[in-house]
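Have a look at the structure below, then the notes.
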Amino acid sequence: MVTSTASAYPISASRPELVATTTKGRRRQIDVQSGHALEILGHSIEYLADEYVHDGGSFSAHDASVEAMQQLMAINRQIYYACPFVPTFRERCRAFFHL
């Protein structure tokens with residue numbers, strides 16, 4: 001279980017090994033259902049952030065709006081990290097020749 005630095009909420013990834021092995025520059029293979037969920041979550045987070053700024057809320061970690069955004073962002077990360085990496089050219093070649 002991972003804890004967010006911006007929040008006291010624990011973030012439990014469905015596949016924690018992917019969180020630990022994330023490397024810079026690797027793309028993820030996002031299926032249609034995950035992509036749709038990420039899109040909806042992104043719009044929800046953006047809407048809450050815009051509403052928060054429009055209302056002139058003072059930034060506090062215990063504000064209900066901030067906590068809601070943090071929870072949505074945690075769910076967003078869980079979905080994203082559950083998606084597998086796109087195999088590199090080298091990995092595809094290696095798999096092709098080992099068949």
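Chain labels follow the order of the structure tokens: the first chain is A, the next B, and so on; residue numbering restarts at 1 in every chain, and ligands are counted from 1 in their shown order.
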Practice prompt. Might you pull out every residue within 8 Å of A:Asn76, with only C-alpha atoms counted and same-chain residues fewer than 6 positions away left off, and present them as an NGL selection string?
Written response: :A and (38 or 41-42)
Worksheet item: Which residues come within 9 Å of A:Thr88, counting only C-alpha atoms, excluding same-chain residues fewer than 4 positions away, as a PyMOL selection string?
Response: chain A and resi 26+92-93
Worksheet item: Do you know which residues are at most 12 Å from A:Asp50 counting only C-alpha atoms, after dropping those on the same chain fewer than 6 positions away, and could you put them as a PyMOL selection string?
Response: chain A and resi 43-44+56-57+65-66+69
